[in-house]
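Q: Sharing my_file_8.tsv (TSV, C-alpha atoms and all ligand atoms) below.
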```tsv
chain	number	residue	atom	x	y	z
A	22	MET	CA	0.00	0.00	0.00
A	23	ASP	CA	1.15	3.50	-0.84
A	24	ASN	CA	0.96	6.09	1.93
A	25	THR	CA	-0.49	9.20	0.35
A	26	LEU	CA	-1.28	11.52	3.24
A	27	TYR	CA	-3.97	14.19	3.35
A	28	ILE	CA	-3.62	16.75	6.13
A	29	VAL	CA	-7.17	18.04	6.58
A	30	VAL	CA	-7.57	21.58	7.94
A	31	PRO	CA	-11.03	23.07	8.56
A	32	CYS	CA	-10.89	26.85	8.22
A	33	TYR	CA	-13.53	29.34	9.30
A	34	ASN	CA	-12.55	33.01	9.09
A	35	GLU	CA	-8.87	32.14	9.28
A	36	GLU	CA	-7.39	34.81	6.97
A	37	GLU	CA	-5.06	35.86	9.79
A	38	ALA	CA	-3.91	32.40	10.87
A	39	LEU	CA	-3.56	30.72	7.46
A	40	PRO	CA	-0.58	32.75	6.19
A	41	LEU	CA	1.29	31.67	9.36
A	42	THR	CA	0.02	28.10	9.32
A	43	ALA	CA	0.61	27.32	5.64
A	44	PRO	CA	4.45	27.48	5.61
A	45	VAL	CA	4.63	25.38	8.79
A	46	LEU	CA	2.41	22.71	7.25
A	47	THR	CA	4.23	22.64	3.90
A	48	ALA	CA	7.61	22.38	5.62
A	49	LYS	CA	6.27	19.57	7.79
A	50	LEU	CA	4.78	17.72	4.84
A	51	ASP	CA	8.04	18.01	2.86
A	52	GLU	CA	9.89	16.63	5.87
A	53	LEU	CA	7.45	13.70	6.21
A	54	ILE	CA	7.80	12.91	2.51
A	55	GLY	CA	11.59	13.16	2.81
A	56	LYS	CA	11.58	10.68	5.68
A	57	GLY	CA	9.41	8.28	3.69
A	58	LEU	CA	6.57	8.58	6.19
A	59	ALA	CA	4.23	10.09	3.58
A	60	GLY	CA	3.93	9.46	-0.16
A	61	ALA	CA	5.09	11.95	-2.79
A	62	GLU	CA	1.50	12.73	-3.83
A	63	SER	CA	0.51	13.85	-0.32
A	64	ARG	CA	-1.56	17.02	0.07
A	65	ILE	CA	-2.68	19.64	2.55
A	66	LEU	CA	-6.46	19.89	2.16
A	67	LEU	CA	-7.89	23.22	3.32
A	68	VAL	CA	-11.64	23.18	3.87
A	69	ASP	CA	-13.22	26.62	3.86
A	70	ASP	CA	-16.30	26.32	6.07
A	71	GLY	CA	-18.22	29.20	4.48
A	72	SER	CA	-15.88	31.91	5.80
A	73	LYS	CA	-17.12	35.48	5.76
A	74	ASP	CA	-13.65	37.05	5.57
A	75	GLY	CA	-10.92	36.69	2.93
A	76	THR	CA	-10.09	33.05	3.78
A	77	TRP	CA	-10.99	31.66	0.35
A	78	GLY	CA	-8.82	34.29	-1.35
A	79	VAL	CA	-5.89	33.28	0.88
A	80	ILE	CA	-6.52	29.61	0.07
A	81	LYS	CA	-6.57	30.28	-3.69
A	82	GLY	CA	-3.29	32.16	-3.37
A	83	LEU	CA	-1.69	29.25	-1.51
A	84	TYR	CA	-2.98	26.76	-4.07
A	85	GLU	CA	-1.53	28.74	-6.96
A	86	GLU	CA	1.86	29.03	-5.24
A	87	ASN	CA	2.26	25.44	-4.14
A	88	LYS	CA	0.71	22.35	-5.67
A	89	ARG	CA	0.86	20.56	-2.33
A	90	PHE	CA	-2.36	22.40	-1.44
A	91	ALA	CA	-5.84	21.21	-2.32
A	92	ALA	CA	-9.04	22.88	-1.17
A	93	LEU	CA	-12.77	22.51	-0.74
A	94	ARG	CA	-15.19	25.34	-0.18
A	95	LEU	CA	-18.51	24.61	1.52
A	96	SER	CA	-21.58	26.50	0.31
A	97	ARG	CA	-22.06	28.06	3.77
A	98	ASN	CA	-20.87	27.76	7.37
A	99	ARG	CA	-21.75	24.26	8.59
A	100	GLY	CA	-19.58	24.13	11.69
A	101	HIS	CA	-16.25	22.55	12.48
A	102	GLN	CA	-17.43	18.93	12.69
A	103	ASN	CA	-19.22	19.01	9.32
A	104	ALA	CA	-16.31	20.81	7.65
A	105	LEU	CA	-13.90	18.26	9.04
A	106	LEU	CA	-16.02	15.36	7.83
A	107	ALA	CA	-16.28	16.94	4.37
A	108	GLY	CA	-12.49	17.07	4.24
A	109	LEU	CA	-12.08	13.53	5.53
A	110	GLU	CA	-14.54	12.18	2.98
A	111	TYR	CA	-12.63	13.80	0.12
A	112	ALA	CA	-9.28	12.75	1.58
A	113	ALA	CA	-10.29	9.11	2.02
A	114	ALA	CA	-11.39	9.02	-1.62
A	115	HIS	CA	-8.02	10.38	-2.83
A	116	GLY	CA	-5.40	9.13	-0.37
A	117	ASP	CA	-4.49	6.34	2.04
A	118	VAL	CA	-4.27	8.17	5.34
A	119	THR	CA	-5.54	11.43	6.85
A	120	ILE	CA	-4.45	13.68	9.71
A	121	SER	CA	-6.91	16.33	10.89
A	122	ILE	CA	-5.58	19.48	12.53
A	123	ASP	CA	-6.98	22.95	13.35
A	124	ALA	CA	-5.98	25.97	11.27
A	125	ASP	CA	-4.53	27.86	14.25
A	126	LEU	CA	-1.80	25.24	14.88
A	127	GLN	CA	-2.57	24.95	18.59
A	128	ASP	CA	-1.67	21.31	18.08
A	129	ASP	CA	2.01	20.49	17.59
A	130	VAL	CA	2.71	19.44	13.98
A	131	ASN	CA	5.75	17.50	15.18
A	132	ALA	CA	3.45	14.82	16.59
A	133	MET	CA	2.70	13.81	12.97
A	134	ASP	CA	5.94	11.84	12.62
A	135	GLU	CA	5.01	9.56	15.46
A	136	MET	CA	1.39	9.29	14.25
A	137	LEU	CA	2.62	8.11	10.86
A	138	SER	CA	5.09	5.69	12.44
A	139	ARG	CA	2.18	4.12	14.33
A	140	PHE	CA	0.23	3.99	11.04
A	141	ALA	CA	3.18	2.25	9.38
A	142	GLU	CA	3.09	-0.29	12.21
A	143	GLY	CA	-0.53	-1.08	11.39
A	144	CYS	CA	-2.64	1.35	13.46
A	145	ASP	CA	-5.75	2.68	11.71
A	146	ILE	CA	-6.40	5.44	14.25
A	147	VAL	CA	-3.87	7.47	16.22
A	148	TYR	CA	-5.19	10.02	18.73
A	149	GLY	CA	-3.28	13.18	19.50
A	150	VAL	CA	-3.57	13.72	23.25
A	151	ARG	CA	-2.66	16.95	25.04
A	152	SER	CA	-0.09	16.29	27.69
A	153	SER	CA	-0.66	19.70	29.27
A	154	ARG	CA	-3.20	22.45	29.04
A	155	SER	CA	-1.00	25.17	30.46
A	156	SER	CA	-1.78	27.47	27.51
A	157	ASP	CA	-5.52	27.29	28.25
A	158	THR	CA	-7.18	29.58	30.77
A	159	PHE	CA	-8.24	28.04	34.09
A	160	THR	CA	-11.94	28.16	33.13
A	161	LYS	CA	-11.34	26.51	29.74
A	162	ARG	CA	-9.23	23.78	31.31
A	163	PHE	CA	-11.67	23.22	34.16
A	164	THR	CA	-14.77	23.03	31.95
A	165	ALA	CA	-13.09	20.93	29.26
A	166	GLU	CA	-11.60	18.37	31.63
A	167	GLY	CA	-14.82	18.29	33.70
A	168	TYR	CA	-16.75	17.63	30.50
A	169	TYR	CA	-14.64	14.59	29.58
A	170	LYS	CA	-15.30	13.23	33.05
A	171	VAL	CA	-19.08	13.78	32.79
A	172	ILE	CA	-19.16	11.92	29.45
A	173	ALA	CA	-17.18	9.05	30.94
A	174	ALA	CA	-19.51	8.92	33.97
A	175	LEU	CA	-22.50	8.73	31.62
A	176	GLY	CA	-20.95	5.73	29.89
A	177	GLY	CA	-19.65	7.47	26.75
A	178	GLU	CA	-16.26	6.46	25.42
A	179	VAL	CA	-13.95	9.40	24.81
A	180	ILE	CA	-10.18	9.69	24.86
A	181	PHE	CA	-9.27	12.04	27.72
A	182	ASN	CA	-7.86	15.36	26.45
A	183	HIS	CA	-8.11	14.37	22.79
A	184	ALA	CA	-9.89	16.84	20.52
A	185	ASP	CA	-9.83	16.39	16.76
A	186	TYR	CA	-6.10	16.15	16.10
A	187	ARG	CA	-5.81	12.57	14.92
A	188	LEU	CA	-4.64	10.23	12.21
A	189	MET	CA	-7.20	8.02	10.50
A	190	SER	CA	-6.55	5.55	7.71
A	191	SER	CA	-8.88	5.85	4.73
A	192	ARG	CA	-10.35	2.53	5.80
A	193	ALA	CA	-11.28	4.00	9.20
A	194	VAL	CA	-12.71	7.16	7.57
A	195	ASN	CA	-14.85	5.04	5.25
A	196	ALA	CA	-16.17	3.18	8.28
A	197	LEU	CA	-16.92	6.50	10.00
A	198	LEU	CA	-18.82	7.65	6.90
A	199	GLN	CA	-21.26	4.80	7.38
A	200	PHE	CA	-22.54	6.47	10.56
A	201	PRO	CA	-25.70	8.18	9.32
A	202	GLU	CA	-26.12	10.68	12.15
A	203	ARG	CA	-26.32	14.41	11.49
A	204	SER	CA	-25.43	15.66	14.98
A	205	LEU	CA	-21.73	14.96	14.78
A	206	PHE	CA	-19.43	14.47	17.73
A	207	LEU	CA	-16.51	12.91	15.90
A	208	ARG	CA	-14.23	12.40	18.89
A	209	GLY	CA	-16.95	10.26	20.48
A	210	MET	CA	-17.80	8.36	17.29
A	211	VAL	CA	-14.27	7.39	16.26
A	212	PRO	CA	-13.64	5.15	19.31
A	213	MET	CA	-16.74	3.13	18.27
A	214	LEU	CA	-15.00	2.08	15.06
A	215	GLY	CA	-12.57	-0.30	16.71
A	216	TYR	CA	-9.43	-1.14	14.68
A	217	LYS	CA	-5.94	-0.95	16.06
A	218	THR	CA	-5.39	2.41	17.75
A	219	ALA	CA	-2.63	4.31	19.52
A	220	THR	CA	-2.16	7.67	21.21
A	221	VAL	CA	0.58	10.24	20.78
A	222	GLU	CA	1.15	12.99	23.37
A	223	TYR	CA	1.95	16.58	22.53
A	224	GLU	CA	1.97	20.02	24.15
A	225	ARG	CA	-0.89	22.29	23.18
A	226	SER	CA	0.05	25.90	22.61
A	227	ALA	CA	-1.89	29.13	22.09
A	228	ARG	CA	-3.64	30.10	18.84
A	229	ASN	CA	-1.12	31.57	16.36
A	230	ALA	CA	-3.40	34.42	15.22
A	231	GLY	CA	-6.94	35.71	15.44
A	232	GLU	CA	-9.71	34.85	17.88
A	233	SER	CA	-11.27	31.49	18.71
A	234	LYS	CA	-13.93	30.57	16.13
A	235	TYR	CA	-15.75	28.46	18.70
A	236	GLY	CA	-18.10	30.93	20.36
A	237	ILE	CA	-19.97	29.93	23.49
A	238	LYS	CA	-22.99	28.87	21.41
A	239	LYS	CA	-20.99	26.56	19.12
A	240	MET	CA	-19.18	25.15	22.14
A	241	LEU	CA	-22.43	24.41	24.01
A	242	THR	CA	-23.96	22.78	20.94
A	243	LEU	CA	-20.92	20.53	20.59
A	244	ALA	CA	-21.02	19.68	24.30
A	245	ILE	CA	-24.73	18.76	24.23
A	246	ASN	CA	-24.31	16.80	20.98
A	247	GLY	CA	-21.55	14.86	22.70
A	248	ILE	CA	-23.80	13.77	25.52
A	249	THR	CA	-26.90	12.96	23.48
A	250	ALA	CA	-24.77	11.15	20.89
A	251	LEU	CA	-23.04	8.92	23.39
A	252	SER	CA	-25.50	8.29	26.20
A	253	ALA	CA	-29.23	7.99	26.92
A	254	ARG	CA	-28.54	7.84	30.63
A	255	PRO	CA	-29.81	11.40	31.39
A	256	ILE	CA	-33.30	10.24	30.34
A	257	ARG	CA	-33.11	7.31	32.71
A	258	MET	CA	-31.87	9.57	35.48
A	259	ILE	CA	-35.15	11.51	35.25
A	260	ALA	CA	-37.04	8.46	36.47
A	261	GLY	CA	-34.59	8.09	39.36
A	262	VAL	CA	-35.01	11.72	40.38
A	263	GLY	CA	-38.79	11.31	40.12
A	264	ALA	CA	-38.73	8.37	42.52
A	265	VAL	CA	-36.57	10.25	45.04
A	266	LEU	CA	-38.89	13.27	44.82
A	267	PHE	CA	-41.94	11.13	45.38
A	268	ALA	CA	-40.37	9.70	48.52
A	269	ALA	CA	-39.42	13.22	49.65
A	270	GLY	CA	-43.04	14.30	49.09
A	271	ILE	CA	-44.30	11.59	51.43
A	272	VAL	CA	-41.76	12.66	54.08
A	273	ALA	CA	-42.81	16.31	53.64
A	274	LEU	CA	-46.45	15.34	54.04
A	275	ILE	CA	-45.75	13.56	57.31
A	276	ALA	CA	-43.62	16.50	58.52
A	277	MET	CA	-46.43	18.92	57.70
A	278	LEU	CA	-48.93	16.89	59.67
A	279	ILE	CA	-46.63	16.88	62.71
A	280	ALA	CA	-45.33	20.50	62.62
A	281	GLY	CA	-48.23	22.75	61.70
A	282	ALA	CA	-46.10	25.94	61.66
A	283	ALA	CA	-43.41	24.88	59.21
A	284	ALA	CA	-46.00	23.43	56.89
A	285	ALA	CA	-46.40	26.51	54.68
A	286	ALA	CA	-42.64	26.79	54.10
A	287	ILE	CA	-42.27	23.13	53.24
A	288	ALA	CA	-45.25	23.34	50.91
A	289	ALA	CA	-43.82	26.35	49.09
A	290	VAL	CA	-40.41	24.73	48.65
A	291	SER	CA	-42.00	21.51	47.41
A	292	VAL	CA	-44.09	23.31	44.81
A	293	TRP	CA	-41.22	25.35	43.40
A	294	GLY	CA	-38.75	22.51	43.57
A	295	ALA	CA	-41.07	20.01	41.97
A	296	ALA	CA	-42.10	22.42	39.20
A	297	GLY	CA	-38.45	23.18	38.46
A	298	LEU	CA	-37.58	19.51	38.28
A	299	VAL	CA	-40.50	18.72	35.99
A	300	LEU	CA	-39.37	21.47	33.62
A	301	LEU	CA	-35.79	20.22	33.79
A	302	ALA	CA	-36.99	16.72	32.97
A	303	LEU	CA	-39.01	18.05	30.04
A	304	GLY	CA	-35.93	19.95	28.90
A	305	ILE	CA	-33.78	16.82	28.90
A	306	LEU	CA	-36.45	14.87	27.01
A	307	GLY	CA	-36.81	17.80	24.61
A	308	GLU	CA	-33.07	17.78	23.94
A	309	TYR	CA	-33.18	14.15	22.85
A	310	MET	CA	-36.38	14.79	20.91
A	311	SER	CA	-34.85	17.66	18.97
A	312	HIS	CA	-31.98	15.37	18.03
A	313	ILE	CA	-34.39	12.68	16.89
A	314	TYR	CA	-36.09	15.37	14.80
A	315	GLU	CA	-32.77	16.35	13.19
A	316	GLU	CA	-31.92	12.73	12.49
A	317	VAL	CA	-35.32	11.93	11.00
A	318	LYS	CA	-35.04	14.88	8.63
A	319	ALA	CA	-31.62	13.53	7.61
A	320	ARG	CA	-30.71	16.67	5.74
A	321	PRO	CA	-27.46	16.75	3.75
A	322	ARG	CA	-24.47	17.61	5.93
A	323	TYR	CA	-22.89	20.05	3.49
A	324	PHE	CA	-22.62	21.10	-0.13
A	325	ILE	CA	-19.28	21.66	-1.83
A	326	MET	CA	-19.26	24.87	-3.84
A	327	ASP	CA	-15.66	24.89	-5.16
A	328	THR	CA	-12.85	22.37	-5.37
A	329	LEU	CA	-9.17	23.07	-6.03
A	330	GLU	CA	-7.21	19.91	-6.80
B	401	LIG	N1	-13.92	26.03	12.57
B	401	LIG	C1	-14.71	25.69	11.47
B	401	LIG	N2	-16.03	26.06	11.46
B	401	LIG	C2	-16.61	26.75	12.50
B	401	LIG	C3	-15.80	27.06	13.63
B	401	LIG	C4	-14.47	26.68	13.64
B	401	LIG	O1	-14.24	25.07	10.52
B	401	LIG	O2	-17.80	27.05	12.41
B	401	LIG	C5	-12.49	25.63	12.57
B	401	LIG	C6	-11.50	26.73	12.87
B	401	LIG	O3	-11.17	27.45	11.70
B	401	LIG	C7	-10.32	25.94	13.44
B	401	LIG	C8	-11.00	24.79	14.15
B	401	LIG	O4	-12.33	24.71	13.62
B	401	LIG	O5	-9.50	25.39	12.42
B	401	LIG	C9	-11.04	24.98	15.66
B	401	LIG	O6	-11.55	26.26	15.98
B	401	LIG	P1	-10.89	27.20	17.06
B	401	LIG	O7	-9.40	27.07	17.01
B	401	LIG	O8	-11.44	28.56	16.88
B	401	LIG	O9	-11.45	26.54	18.40
B	401	LIG	P2	-10.75	26.48	19.85
B	401	LIG	O10	-9.35	25.99	19.63
B	401	LIG	O11	-10.79	27.87	20.38
B	401	LIG	O12	-11.59	25.52	20.62
B	402	MG	MG	-8.01	26.68	18.33
```
How does the structure come out when it is put into structure tokens?
A:
Amino acid sequence: MDNTLYIVVPCYNEEEALPLTAPVLTAKLDELIGKGLAGAESRILLVDDGSKDGTWGVIKGLYEENKRFAALRLSRNRGHQNALLAGLEYAAAHGDVTISIDADLQDDVNAMDEMLSRFAEGCDIVYGVRSSRSSDTFTKRFTAEGYYKVIAALGGEVIFNHADYRLMSSRAVNALLQFPERSLFLRGMVPMLGYKTATVEYERSARNAGESKYGIKKMLTLAINGITALSARPIRMIAGVGAVLFAAGIVALIAMLIAGAAAAAIAAVSVWGAAGLVLLALGILGEYMSHIYEEVKARPRYFIMDTLE
């Protein structure tokens, strides 16, 4: 088997970061080809996720300068996970192995050598894992690491401190493409594939230019998708909470009968508490329902508007 590598880079409003990222990636790819870790026909595939700034212009310029670049342009912004999958789908159809990495190079490109060595040894999936999060703020680190723990507690399988920096063979990508779901949480879906896997550690640094393109809304959507995609346990927990509340209601009733004075207070708390919990329960059910609705509609994930190859 040949080892044509596609480095897949989703880009949303990255006109500032791309001019810094591009030379680092081309130098890295040349080095990998030189070492025999990647085939001579390897490419850097830039996926423009419907950017509103000059990203596509920058990409066209890069493509004209250096034939190592290939590019896709989505018809509109579809979000990081969809853009990444679009790139992986194209890459798996054209090459043997893919590595996905963000456009801001927060992930260390030097981990690619080891990823490809693992691939050469027969691994289909190699996860890049952050060995430290010292470049993240305390809040980001706390929420992100807490989130991985919540998913694990709910029974979901995720690789701790792995985001979307990973190597996948085309065979593994083609398996991933058979998952029909529209609400994508790739880092939770990939471990379901099986195959031989490995992890490679690296230091995560700060964004090389521009602001984070993951606003709080996009981040929350990804976080909720992650839970609903991997676990139905929150729905079951509703029944548990209901049972506990029912028992508490009986206790409150007895307490009210005994202590006439405190009765009003207990009654008020019970009413507010119970109403809040019922709404919360409805909210959790609604979250799953809205995902079922999305899945039933099964709308296309993206449309490709331009291709440079
Ligand atoms: N991104 C994308 N579409 C979006 C948002 C982000 O393709 O709607 C890309 C972005 O260009 C970057 C990657 O996803 O390559 C990760 O985004 P970012 O670095 O802003 O996220 P953070 O590192 O702050 O979590
Ligand atoms: Mg980033």
Q: Taking all atoms listed in the file into account, which residues are within 9 Å of ligand MG 402 (chain B), as a PyMOL selection string?
A: chain A and resi 123-128+227-229+232-235
Q: Just need the box for segment 141-151 of chain A, edges along x, y and z, holding every atom the file lists for it with 3 Å tacked onto each side, so centre and edge lengths in Å to one decimal, as JSON.
A:
```
{"center_x": -1.6, "center_y": 7.9, "center_z": 17.2, "size_x": 15.6, "size_y": 24.0, "size_z": 21.7}
```
Q: Atom CA of Leu243 of chain A and atom CA of Lys161 of chain A are how many Å apart?
A: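 Distance between the two atoms: 14.5 Å.
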Q: Within 12 Å of (3.5, 7.4, 23.2), in the coordinates the file gives, what residues turn up when you count only C-alpha atoms, written out as a ChimeraX atom specification?
A: /A:132,134-136,138-139,147-152,218-223
Q: Ligand LIG 401 (chain B): which residues are within 10 Å, counting all atoms listed in the file? Reply as a CSV table (one decimal) with C-alpha atoms, in the frame of the given file.
A:
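As written to disk, pocket05.csv reads:
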```csv
chain,number,residue,atom,x,y,z
A,29,VAL,CA,-7.2,18.0,6.6
A,30,VAL,CA,-7.6,21.6,7.9
A,31,PRO,CA,-11.0,23.1,8.6
A,32,CYS,CA,-10.9,26.8,8.2
A,33,TYR,CA,-13.5,29.3,9.3
A,34,ASN,CA,-12.6,33.0,9.1
A,35,GLU,CA,-8.9,32.1,9.3
A,36,GLU,CA,-7.4,34.8,7.0
A,38,ALA,CA,-3.9,32.4,10.9
A,39,LEU,CA,-3.6,30.7,7.5
A,67,LEU,CA,-7.9,23.2,3.3
A,68,VAL,CA,-11.6,23.2,3.9
A,69,ASP,CA,-13.2,26.6,3.9
A,70,ASP,CA,-16.3,26.3,6.1
A,71,GLY,CA,-18.2,29.2,4.5
A,72,SER,CA,-15.9,31.9,5.8
A,76,THR,CA,-10.1,33.0,3.8
A,95,LEU,CA,-18.5,24.6,1.5
A,97,ARG,CA,-22.1,28.1,3.8
A,98,ASN,CA,-20.9,27.8,7.4
A,99,ARG,CA,-21.8,24.3,8.6
A,100,GLY,CA,-19.6,24.1,11.7
A,101,HIS,CA,-16.2,22.6,12.5
A,102,GLN,CA,-17.4,18.9,12.7
A,103,ASN,CA,-19.2,19.0,9.3
A,104,ALA,CA,-16.3,20.8,7.6
A,105,LEU,CA,-13.9,18.3,9.0
A,121,SER,CA,-6.9,16.3,10.9
A,122,ILE,CA,-5.6,19.5,12.5
A,123,ASP,CA,-7.0,23.0,13.4
A,124,ALA,CA,-6.0,26.0,11.3
A,125,ASP,CA,-4.5,27.9,14.2
A,126,LEU,CA,-1.8,25.2,14.9
A,127,GLN,CA,-2.6,25.0,18.6
A,128,ASP,CA,-1.7,21.3,18.1
A,157,ASP,CA,-5.5,27.3,28.2
A,161,LYS,CA,-11.3,26.5,29.7
A,165,ALA,CA,-13.1,20.9,29.3
A,184,ALA,CA,-9.9,16.8,20.5
A,185,ASP,CA,-9.8,16.4,16.8
A,225,ARG,CA,-0.9,22.3,23.2
A,226,SER,CA,0.0,25.9,22.6
A,227,ALA,CA,-1.9,29.1,22.1
A,228,ARG,CA,-3.6,30.1,18.8
A,229,ASN,CA,-1.1,31.6,16.4
A,230,ALA,CA,-3.4,34.4,15.2
A,231,GLY,CA,-6.9,35.7,15.4
A,232,GLU,CA,-9.7,34.8,17.9
A,233,SER,CA,-11.3,31.5,18.7
A,234,LYS,CA,-13.9,30.6,16.1
A,235,TYR,CA,-15.8,28.5,18.7
A,236,GLY,CA,-18.1,30.9,20.4
A,237,ILE,CA,-20.0,29.9,23.5
A,239,LYS,CA,-21.0,26.6,19.1
A,240,MET,CA,-19.2,25.2,22.1
```
Q: Atom CA of Asp23 of chain A to atom CA of Gly60 of chain A: how many Å, to one decimal?
A: 6.6 Å
Q: Considering all atoms listed in the file, return as a ChimeraX atom specification whatever protein or nucleic-acid residues lie within 7 Å of Glu178 of chain A, sequence-local ones (same chain, fewer than 2 positions apart) excluded.
A: /A:173,176,180,209,212
Q: Find the residues around Gly82 of chain A up to 12 Å (only C-alpha atoms counted), leave out those fewer than 4 positions away in its own chain, and share them as a PyMOL selection string.
A: chain A and resi 36+39-40+43+75-78+86-88+90-92+329
Q: Which value, in Å to one decimal, gives the distance between atom CA of Thr119 of chain A and atom CA of Ser191 of chain A?
A: 6.8 Å
Q: Could you name the residues that touch Glu166 of chain A at 8 Å or less, counting all atoms listed in the file, but leaving out those on the same chain fewer than 3 positions away, as an MDAnalysis selection string?
A: chainID A and resid 162:163 169:170 181:182
